[in-house]
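Everything below concerns the one structure shown next.
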Amino acid sequence: MGSILLDKIVKSFPDGTVALNKLDLHVWDEEFFVILGPSGAGKTTLLKTVAGLYHHNGGHLYIDGRRVDGVPPEDRNTAMTFESFALYPHLTVYDNIANPLRSPRYGIPRDEVEREVQRVCDLLEIGHLLQRFPKELSGGQKQRVSLGRAMVRKPTVFLLDEPLSHVDAKVRHRMRLELNRLQRELNTTTLYVTHDYLEALSLADRVGILEDGQLVQVGSPTEIYRQPVNVSVAEQVGYPRINLLDAWVEHSAGEWQVRPFGAGGPVLFFPVSDGAGTLDWGTGEHLLGLRPQSIRIHPRGSGLGVVPARVYVATPFVTYAIVTLLVAEETELTALVPPDQQLEAGEEVELSFSGSEFLFFDPTTHLNRQTPHSA
Ligand code: ADP
Ligand code: MG
């Protein structure tokens, strides 16, 4: 229970800043929806608007099919966690978490409150902190207490504002799993915002990319990664950052010829159909996107690659290596390769990639030429 529907929501501040600009969003009942966007995109404003802590200036908001424009926060059955944790400094961890359950409007018996707080604290591994005060906690611990306080209420809608940003990597992975599990157990709808693309892709049923108060793309994690609607989404989702190359593309003698390395550089030839479907790129200038993961590096002369290149820098990171390559002495490419591939600076190599791994963007509008654009 708990779909969320935003219909052309506008939120502006007295100083004229428009934080949400006619934003449309439909989060399905029981969905785990993640909003991904850089700092300042409007993520916190979006959550506060859904929670009713901000009044929107335009559009309509529905929770669970009920129009809630103007409905006070306590009557929306949402629970929000805040970036700043918003814990009561004079209350212990136990009392901070139990507090929402003690409201006379719920009339929950004392032992049930205790059981519920215990259950949530076990889940979040904060059972040993119950008698501490917020100032005696680390950032990650405060964040978990804040999450606990949202969880005990069993709301129909969770609104989570970067809830794992201060949590240690080790605990974070477990908490992601727990959040997913909890969501299914409680049949809660979750709207989760983050600037961390890995978090978004690993948690979400669907991801929405927020830029300047508007959603520029909504899709499954795979769709967002494989078919970003524009250059900016492609750059936000993925590490290392996607390679972008000015390329000239033409169709000739039954194949595509792609020149991403300057007029004098190597040409890539692709059949018009690559087995997966017909490739229809269009003649002319393109901005070519190539993910570092899509580049394979072979020894020079092996015949396995099609583009000669030189290793500029190779940086090993134990589980992978990041390699900067130079093609035709002028074009830099970043590749991500397995750590056992020993590469030395200055080494001559050759590269291969498959046509289906390229993204083609319009060099002026920066829109992906292969995805339908609604935004
Ligand atoms: P995010 O959470 O994605 O970092 P916010 O929702 O906090 O972004 O902010 C979105 C935009 O609205 C930013 O440009 C920010 O400066 C502005 N903003 C946020 N809160 C206020 C406020 N109370 N008054 C004026 N501008 C604000
Ligand atoms: Mg924020």
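Every chain in the structure tokens takes a letter, A first, then B, and so on in the order presented; its residues are numbered from 1, and the ligands are numbered from 1 following the presented order.
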**Request:** From segment 44-210 of chain A, collect each residue whose DSSP state is strand (DSSP E or B) and return the set as a ChimeraX atom specification.
**Result:** /A:58-63,66-67,78-81,157-161,189-194,206-210
Let's have the selection written as a short mmCIF file (atom, residue, chain, number, x, y, z; two decimals), in the first residue's frame, with C-alpha atoms.
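Wrote it out as result_24.cif, contents follow:
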data_model
loop_
_atom_site.label_atom_id
_atom_site.label_comp_id
_atom_site.auth_asym_id
_atom_site.auth_seq_id
_atom_site.Cartn_x
_atom_site.Cartn_y
_atom_site.Cartn_z
CA GLY A 58 2.04 24.05 -8.09
CA GLY A 59 0.79 20.68 -9.25
CA HIS A 60 -0.82 17.87 -7.28
CA LEU A 61 0.49 15.16 -5.01
CA TYR A 62 -1.21 11.81 -4.34
CA ILE A 63 -0.24 9.14 -1.82
CA ARG A 66 -5.47 10.11 -2.09
CA ARG A 67 -4.78 13.71 -2.97
CA THR A 78 5.12 8.61 5.59
CA ALA A 79 8.35 8.33 7.56
CA MET A 80 11.43 10.27 6.52
CA THR A 81 15.08 10.07 7.48
CA VAL A 157 5.86 5.19 2.53
CA PHE A 158 9.55 5.43 3.46
CA LEU A 159 11.34 8.60 2.40
CA LEU A 160 15.06 8.06 2.84
CA ASP A 161 17.51 10.91 2.28
CA THR A 189 6.84 1.83 -0.79
CA THR A 190 10.30 3.39 -0.65
CA LEU A 191 11.49 6.60 -2.21
CA TYR A 192 15.23 6.71 -1.65
CA VAL A 193 17.55 9.48 -2.78
CA THR A 194 21.31 9.30 -3.26
CA ARG A 206 13.57 1.59 -10.89
CA VAL A 207 15.87 4.60 -10.92
CA GLY A 208 14.95 8.20 -11.73
CA ILE A 209 17.70 10.62 -12.72
CA LEU A 210 17.11 14.07 -11.26
#
What are the closest atom pairs, with distances in Å to one decimal, for all residues of chain A lying within 7 Å of ligand 2? Consider only C-alpha atoms and all ligand atoms, order rows by chain and residue number, and present the result as CSV.
residue,atom,partner,partner_atom_place_in_ligand_line,distance
A:Ser39,CA,ligand 2,1 (Mg),6.5
A:Gly40,CA,ligand 2,1 (Mg),6.9
A:Gly42,CA,ligand 2,1 (Mg),6.9
A:Lys43,CA,ligand 2,1 (Mg),5.3
A:Thr44,CA,ligand 2,1 (Mg),4.1
A:Glu83,CA,ligand 2,1 (Mg),6.7
A:Asp161,CA,ligand 2,1 (Mg),6.7
Writing out the chosen residues with N, CA and C atoms as a PDB file, in the first residue's frame:
ATOM      1  N   SER A  39      24.513  16.806  -6.068  1.00  0.00           N
ATOM      2  CA  SER A  39      24.176  17.749  -5.013  1.00  0.00           C
ATOM      3  C   SER A  39      23.487  18.972  -5.636  1.00  0.00           C
ATOM      4  N   GLY A  40      22.401  19.413  -5.026  1.00  0.00           N
ATOM      5  CA  GLY A  40      21.692  20.584  -5.542  1.00  0.00           C
ATOM      6  C   GLY A  40      20.627  20.262  -6.571  1.00  0.00           C
ATOM      7  N   GLY A  42      17.841  18.728  -6.179  1.00  0.00           N
ATOM      8  CA  GLY A  42      16.465  18.854  -5.664  1.00  0.00           C
ATOM      9  C   GLY A  42      15.988  17.614  -4.923  1.00  0.00           C
ATOM     10  N   LYS A  43      16.894  16.728  -4.570  1.00  0.00           N
ATOM     11  CA  LYS A  43      16.510  15.449  -3.950  1.00  0.00           C
ATOM     12  C   LYS A  43      15.836  15.651  -2.596  1.00  0.00           C
ATOM     13  N   THR A  44      16.492  16.414  -1.728  1.00  0.00           N
ATOM     14  CA  THR A  44      15.942  16.633  -0.395  1.00  0.00           C
ATOM     15  C   THR A  44      14.608  17.385  -0.475  1.00  0.00           C
ATOM     16  N   GLU A  83      19.215  13.818   6.102  1.00  0.00           N
ATOM     17  CA  GLU A  83      20.672  13.850   5.933  1.00  0.00           C
ATOM     18  C   GLU A  83      21.355  14.266   7.228  1.00  0.00           C
ATOM     19  N   ASP A 161      16.614   9.917   2.872  1.00  0.00           N
ATOM     20  CA  ASP A 161      17.508  10.910   2.282  1.00  0.00           C
ATOM     21  C   ASP A 161      18.966  10.520   2.508  1.00  0.00           C
TER      22      ASP A 161
END
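Residue nearest Leu23 of chain A within the list A:Val216, A:Leu123, A:Phe85, A:Val145: A:Val216 [criterion: smallest interatomic distance, only C-alpha atoms].
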**Asked** When the cut-off is 10 Å and you count only C-alpha atoms and all ligand atoms, which residues lie near ligand 1, shown as an MDAnalysis selection string?
**Response** chainID A and resid 11:20 35:49 54 83 161:162 193:195 210:213
**Prompt:** Can you list every residue in segment 152-323 of chain A that DSSP puts in helix (DSSP H, G or I), as number ranges by chain?
**Reply:** A: 169-186, 197-203, 221-226, 231-236, 292-294
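Computed from the coordinates, the atom CA of Val311 of chain A to atom CA of Ser352 of chain A distance equals 14.4 Å.
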**Request:** Skip segment 172-175 of chain A itself and residues of its chain fewer than 4 positions away, then list as a list in words all residues within 10 Å of it, counting only C-alpha atoms.
**Result:** Leu123, Leu124, Glu125, Gly140, Arg144, Pro163, Leu164, Ser165, His166, Val167, Asp168, Leu179, Asn180, Arg181, Leu182, Glu199 and Ser202 of chain A
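Residues surrounding Arg226 of chain A within 10 Å are A:Ser220, A:Ala234, A:Val237, A:Arg291, A:Glu357, A:Phe358, A:Leu359 [only C-alpha atoms; sequence separation below 6 positions excluded].
For Asp95 of chain A, the list of residues within 9 Å, based on only C-alpha atoms and with local chain neighbours fewer than 5 positions off taken out, reads Tyr88, Leu130 and Gln131 of chain A.
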Please save N, CA and C atoms of the selected residues as a PDB file, in the first residue's frame.
ATOM      1  N   TYR A  88      16.718  13.760  18.572  1.00  0.00           N
ATOM      2  CA  TYR A  88      16.548  14.626  19.743  1.00  0.00           C
ATOM      3  C   TYR A  88      17.794  14.503  20.607  1.00  0.00           C
ATOM      4  N   LEU A 130      21.816   1.560  23.064  1.00  0.00           N
ATOM      5  CA  LEU A 130      20.496   2.082  23.446  1.00  0.00           C
ATOM      6  C   LEU A 130      20.517   3.184  24.500  1.00  0.00           C
ATOM      7  N   GLN A 131      21.498   3.137  25.422  1.00  0.00           N
ATOM      8  CA  GLN A 131      21.500   4.136  26.508  1.00  0.00           C
ATOM      9  C   GLN A 131      22.342   5.370  26.188  1.00  0.00           C
TER      10      GLN A 131
END
**Request:** Can you work out which one of A:Glu330, A:Ala98, A:Val229, A:Ala51 has the shortest atom-to-atom distance to Asp75 of chain A, counting only C-alpha atoms?
**Result:** A:Ala51
**Message:** Give me the residues near Gln293 of chain A as number ranges by chain, where near means some atom within 10 Å (using only C-alpha atoms) and where sequence neighbours in that chain fewer than 4 positions away do not count.
**Reply:** A: 238-240, 242, 322, 334-338, 353, 357
**Request:** Please indicate the distance in Å from atom CA of Arg369 of chain A to atom CA of Trp281 of chain A, rounded to one decimal place.
**Result:** 7.7 Å
